[in-house]
Structures are given as C-alpha cells and as structure tokens.
Amino acid sequence: MSASTTPTIGPAAAAAATGADLDARPFAGASRAGRWRRTGERYLLWLFLGLGSVIMVGPFYWTLVTSFKERRELLAYPPTWWPEVFTGVHWRALNDLTVGSFPLFFRNSLFLTFTITAITLLTSSMAGYVFAKIEFRGRDRLFWVVLAMMMIPFTVTLIPSYALMADLGWINSYWALIVPIAVNPFGIFLMRQFMFSIPNDLIDASRVDGASEFHIFFKIVLPLSQAALGALAILTFMYQWDNFLWPLIILNDPEKYTLPLGLAQFRGRLGTDVGPTAAGAMISVIPVLVIYAFAQRKFIEGIAMTGLKG
Amino acid sequence: MTPAHAGQLPIGKPGKRGGRDASQRLFLWATLLPMAVVFVVFWIYPLASGLWGSFTDWQAFQTEQEFVGLRHYRNLFRDDVFLESVANTFQYALMYLPLSIVVSLGLALAIEASGRLRSVFRTIYFAPVVTSVIATALVWKWLYQPTLGLFNQLLNIVGLPSQGFLQDPGQALPSIVLYSLWKNLGFTMVLFIAGLNGIDRTMYEAATVDGANSWRVFWGITLPLLRPTMVFVVVTGIIETLQVFGPVFIMSSVGANSPPGGPSNSTMVVAVYQWTVAFGQLNLGYGMAMGIVLFGIVLVVTLAQSRFLRNSMES
C-alpha cells in the first residue's frame, strides 16, 4: 500500500541521507558593482517577498480571526479585519457536532500519528541497520526488493487492499491503518544510507567485547542516528497527521474518525457552518504550526534531504 | 538491476558467517520476518489481486467473482466520464507543473538573495507545506465562496465583479490549481534552494570575471547545474498531480451531499472518479481497471518526460 508511504517520495528519490545544509553559504549570483544599487535592490526584493508573505500567511490569519467572530459579523460586508466582539461559540460548537466531536478526533489523530511514527522509526532503523551493517547472504538483492516496494502504485493497490481489509474484518479498525504501514521502504532506505556513515570499528569492537546485537543497536547505533531519526519522524508525523484517503475508506464510525475525516464533513456545509469550520481547521493546523515554529530548520532540512541527488 | 552502492559498501568483518552470534541471528529474524510478512501480505498480494481483479466483475461484499476478460478496459474507453476525467487530470497537471516550477524557482532565487531576512522568508513560504491539506483546502473553498468569500469581497472592494470560482465549470479546476500552488510552493522552493546551494561557487566567480551579466549566468550556469533538482521536481510533480485526490475531493463538492467532481464534472479527475466508482457504486473490478490504466498513464508520462528532459538539457 504505497498510498500510505510519504507522498512526495517516489522511486526517483535516490536520496542520500547526508543532510541538507541549507545555510552553508548564501547563494551568490553574479556580484554587481555599486553598494548603493545593491541595497536599493535588496529593499525592493524585501518589499516583493513581504507582499508574497501576506498571501502565504493571509489564509491562516483570516481563518483564526473568523473563528472568533459572532455569527452576525461573519455576514458583514465589507468584511471586518478584526473581530468587533470576540466569541468562543464556534470553538465550543466543536465539542458537540452532529457527527462526532473534535476533542475525540484530535485524540484519535494524536494516538494514530504517534503510534505509526514510533513503529516506523523502530522498524526502519532496525532494517536500515541490518542492511547497512550486518552481513548475510542475499542482502543486497533483498534490499532491492525493498526499494521496488516504493514503486508499487497505490492507484492499483487501493481497492484490493480495501477488499483484503474486509476479508480480515479490519474495516473500521485501527489495525487497518497501522499494520500495513508498520514497515516503510522509504524509511528503511533513509536509515540505511545514514547508518553507512557510522564507523564499523565502533560496532566491531563492541561485538568483540561480547555485546549482544540488541545492545549494539540500541546503545550505540541508535544514539548516533538521531539526525536521520529526527528527519524521518517529522516526515512520517506530517504525513500521518494529514492522511486522508485510506482512513476515509476504512473508517465509518465517527467515534474513530481522525481530524481530517472530522473536518471533511464540513465540505458541503460551508454556507451555514463557517465559524465551526474555521475553528476546526485551526485545531488541525495550530499544533503543527507551533512545532514548526520551534523546529522549522529540522522540517526544511528533512524535506530537502528527500530531494538531494534525486 | 545492479546495486548502485555495491561499490561503496563498507565491508564488515568477512567470513564471520560460521561464527554468527546468536543475538545477531535473533536480530536478523526479528527484523526481516515481520518486514517480509507485511510486504507480502499487505503490499504484494493486493498488487496481484488488483491486477487479477481488473479482469473480473468484482463487486463489494460478494465472494464469487466472474472472469470478464478485457470488458472493463473496453468499457473505460467508451465511458465519457472517464475520458473527461483523464482530460481534466492532464489539464490540472499542465496548469500546475509549469506554474509551480517557475514560481518556486523564482522564489528560491529571490529568497537566497534576500540577505539577512533569508531564513525568515523561507520559514514563511514553507509554512503551508506543514499544514493539513484537508484543513487548508476547506479554508480556500470558503475563501472562494461566491458571496461571502473573501476573494469576491476583495474584488468588489476594488470595483471588480464577483467571480464564480469553484461554482463556475470554467474556473473550478484553475481555482484548485491556485490553491495547490499556494500549498506546495514552499516544498518545491526548498528543493531548489538545496540545489542552488549545491552549485560550486567558483563557477560564478569565473563567470563574473568573464563579465557575464546575471541573466546570462542564470541561463548558462544556474539552470543547467540545477538539472538533477529539476528532474526530481518534475518527476515527483507528475506522479503527484496525475493522482491528485484530497484537494479536489474537498473543494469540488458543492452541496451538503453532492458527489465530488463537480460542477458538471469539470473537476472530475481520475482518482476521484475511481473513488466514486469503487466506493460509491461498489464496482470494485471496474475501479481496479481504472487504477491500472491511471498507473500506466503515470508510468508512460514519467518515462517520456524524463527522457525528454535529459535529452533537451544535455544538448
């Protein structure tokens, strides 16, 4: 089910987990004479990029502001840029919807995303270690089979996977959302590339000392792999938090809905439910934006990592 | 297939096979066995049954399937909605991809040249990438609303007439393209920034000494050296756009219970039509055939364009 692997990472992502250093040096185009001219140009550039930033951030601002406006003010023309009266009514409405409730969706999303991310990190790093550092017959051939998994198209497997889940009795069950993606070929690939950089001497010395393979893996290899684990965690978390198509097909009990599914019920009711829609959208956007604000460098480097040497 | 890394494999202690430690054997089994089970049961088996199922009259909640040969494939080419969905999908990709590449490359260059504010701008333009597709698509759907939507209110304020946007069959698909551009711009931009930083700086210095202006430096040095990034962006872009589902599913349903793909099928893309056929009409076999045709299209286009891109940039 490649539907469930990180979306933007296709077979072409022959990425090397060497880390993308985006700040290494400023990109230098042709340098020009005349400092005054350069400063003038720079201010113009800032103005242009600043206007663009308004477009990028605008929708978030507008949604946040709207979620606090009174019903009457939502219909106002011209629109108000700041709520005249603040109200929490739309946010409270999310507790008790016709279908499910947002605190529940939020908990479900949190549980699923954390579980899947944790499993992905464990299986990917174990397999990455095996493929990078343990010798066994047929290893490289097996690794190519793993890579081939990334090329299985989800448009082909989506429907038969659904049929398989029906046979297993996993329709409407979280098992269907967790087990098929417990192993992630891209994650294995990323971790293997990274673990090549760990010196063999370190591992061999421990083996000679009689340390068990599990001890070596958990006490030596994993601590040294934090950079790659961080990138993989961010990518997996981002993707799972937003995963839509597969849960949409599998889950039909609103008690089990994730945030994207809970939100999607508003798609036909925007005319009447603008306030709750705005509040609901903010609930699914704010946590990620807050984490992003603190770790933006990690996010961007994680993404850049996937594209390197593509 | 030859392993590309075979030459670089760091060789561990050779010849230890006989004396393999018991814990190492356990570790191997604990890793490889679950991996094999998951791949075979949940990845390879569905692939095989999907290929097989496209030749049967598979209906949901039905155990017996009758073999119907190529009937679904023949029907696909007579199905007007399917043909329209293929056309719409290509239209979506052809609008989105060039726009996305030009705008994000321009942004990458601008942001890299913006000095002190570089990381501030990068953070801002990347922000939509980390947020939820469903949430932001809903927000944009509401911004596009005919009367209360912000876009039409802004148009009216500056004295322009209201637009139909998502409700207008002619504007619906471009409106979704615009949303996707906003959502994914930062992603492509970051790939280009990484590509730009990988370019050897001495190349620019040499060109400046030769007196080349920045326009010629861009076409002569920057763009050709960005080729690997460009190939990656185009290939992943094609794979993504030809299979687009989420934004269309959210933004294209007009009423409370109206099916996605409207108005009047103007935004019906293949993935959405497949969903409608398989999970709306429960016609699984037909949906599987559609999935295979879509995959064939993606494969052919990807191969064709990567060959084209390689040739045109090498010459």
# chains A, B, ... in the order shown; residues from 1 in each chain; ligands from 1
>>> select_by_dssp(residues="stretch 18-211 of chain B", states="helix (DSSP H, G or I)", output="ChimeraX atom specification")
/B:22-53,71-76,80-112,115-130,133-143,150-157,165-167,172-197,201-209
>>> closest_atom_pairs(of="stretch 105-195 of chain B", to="stretch 245-262 of chain A", cutoff="9 Å", atoms="only C-alpha atoms", output="CSV")
residue,atom,partner,partner_atom,distance
B:Ser132,CA,A:Pro260,CA,7.7
B:Val133,CA,A:Pro260,CA,8.4
B:Ile134,CA,A:Pro260,CA,5.8
B:Ala135,CA,A:Pro260,CA,7.1
>>> residues_around(residues="B:Gly287", least_positions_apart="3", cutoff="7 Å", atoms="only C-alpha atoms", output="list in words")
Gln274, Val277, Ala278, Asn283, Leu284, Met290 and Gly291 of chain B
>>> residues_around(residues="stretch 64-67 of chain A", least_positions_apart="6", cutoff="7 Å", atoms="only C-alpha atoms", output="JSON, numbers by chain")
{"A": [82, 83, 90, 275, 276, 278, 279, 282]}
>>> write_last_selection(atoms="C-alpha atoms", output="PDB file, in the first residue's frame")
ATOM      1  CA  TRP A  82     -10.519  42.092  13.459  1.00  0.00           C
ATOM      2  CA  PRO A  83     -13.492  40.734  15.448  1.00  0.00           C
ATOM      3  CA  HIS A  90     -17.712  28.297  17.320  1.00  0.00           C
ATOM      4  CA  GLY A 275     -17.455  29.560  12.214  1.00  0.00           C
ATOM      5  CA  PRO A 276     -17.035  25.929  13.323  1.00  0.00           C
ATOM      6  CA  ALA A 278     -12.695  27.867  10.767  1.00  0.00           C
ATOM      7  CA  ALA A 279     -12.228  26.733  14.373  1.00  0.00           C
ATOM      8  CA  MET A 282      -7.325  25.916  13.189  1.00  0.00           C
TER       9      MET A 282
END
>>> closest_residue(among="B:Met268, B:Ala60, B:Met95, B:Leu105", to="chain A", atoms="only C-alpha atoms")
B:Ala60
>>> residues_around(residues="B:Asp57", least_positions_apart="5", cutoff="10 Å", atoms="only C-alpha atoms", output="PDB file with C-alpha atoms, in the first residue's frame")
ATOM      1  CA  GLU B  64     -17.673 -15.062  -6.137  1.00  0.00           C
ATOM      2  CA  GLN B  65     -16.048 -13.194  -8.981  1.00  0.00           C
ATOM      3  CA  GLU B  66     -16.671 -13.963 -12.605  1.00  0.00           C
ATOM      4  CA  PHE B  67     -13.895 -13.550 -15.124  1.00  0.00           C
ATOM      5  CA  VAL B  68     -14.854 -10.938 -17.697  1.00  0.00           C
ATOM      6  CA  GLY B  69     -11.607 -10.581 -19.622  1.00  0.00           C
ATOM      7  CA  ARG B  71     -14.526  -5.946 -20.683  1.00  0.00           C
ATOM      8  CA  HIS B  72     -13.687  -3.233 -18.100  1.00  0.00           C
ATOM      9  CA  ASN B 283     -17.977  -1.639  -8.590  1.00  0.00           C
ATOM     10  CA  LEU B 284     -14.529  -2.795  -7.473  1.00  0.00           C
ATOM     11  CA  GLY B 285     -13.434  -4.568 -10.668  1.00  0.00           C
ATOM     12  CA  TYR B 286     -14.092  -1.516 -12.812  1.00  0.00           C
TER      13      TYR B 286
END
>>> closest_residue(among="B:Val298, B:Leu47, B:Ala93, B:Leu76", to="chain A", atoms="only C-alpha atoms")
B:Leu47
>>> closest_residue(among="A:Arg38, A:Arg267, A:Lys298, A:Arg137", to="chain B", atoms="only C-alpha atoms")
A:Arg267
>>> closest_residue(among="A:Tyr61, A:Phe186, A:Phe237, A:Phe294", to="A:Trp144", atoms="only C-alpha atoms")
A:Phe186
>>> closest_residue(among="A:Ile55, A:Ala127, A:Leu49, A:Ala148", to="B:Ala108", atoms="only C-alpha atoms")
A:Leu49
>>> closest_residue(among="A:Ile216, A:Ala304, A:Leu177, A:Leu142", to="chain B", atoms="only C-alpha atoms")
A:Ala304
>>> atom_distance(atom1="atom CA of A:Ala281", atom2="atom CA of A:Phe60")
9.2 Å
>>> atom_distance(atom1="atom CA of B:Ala30", atom2="atom CA of A:Ala231")
24.3 Å
>>> atom_distance(atom1="atom CA of B:Ser266", atom2="atom CA of B:Val139")
20.7 Å
>>> residues_around(residues="B:Tyr125", least_positions_apart="5", cutoff="8 Å", atoms="only C-alpha atoms", output="list in words")
Ser53 and Met56 of chain A; Leu185 and Gly186 of chain B
>>> write_last_selection(atoms="C-alpha atoms", output="PDB file, in the first residue's frame")
ATOM      1  CA  SER A  53       4.327  36.564   2.634  1.00  0.00           C
ATOM      2  CA  MET A  56       1.124  32.857   2.328  1.00  0.00           C
TER       3      MET A  56
ATOM      4  CA  LEU B 185       5.147  26.230  -3.284  1.00  0.00           C
ATOM      5  CA  GLY B 186       7.412  26.039  -0.243  1.00  0.00           C
TER       6      GLY B 186
END
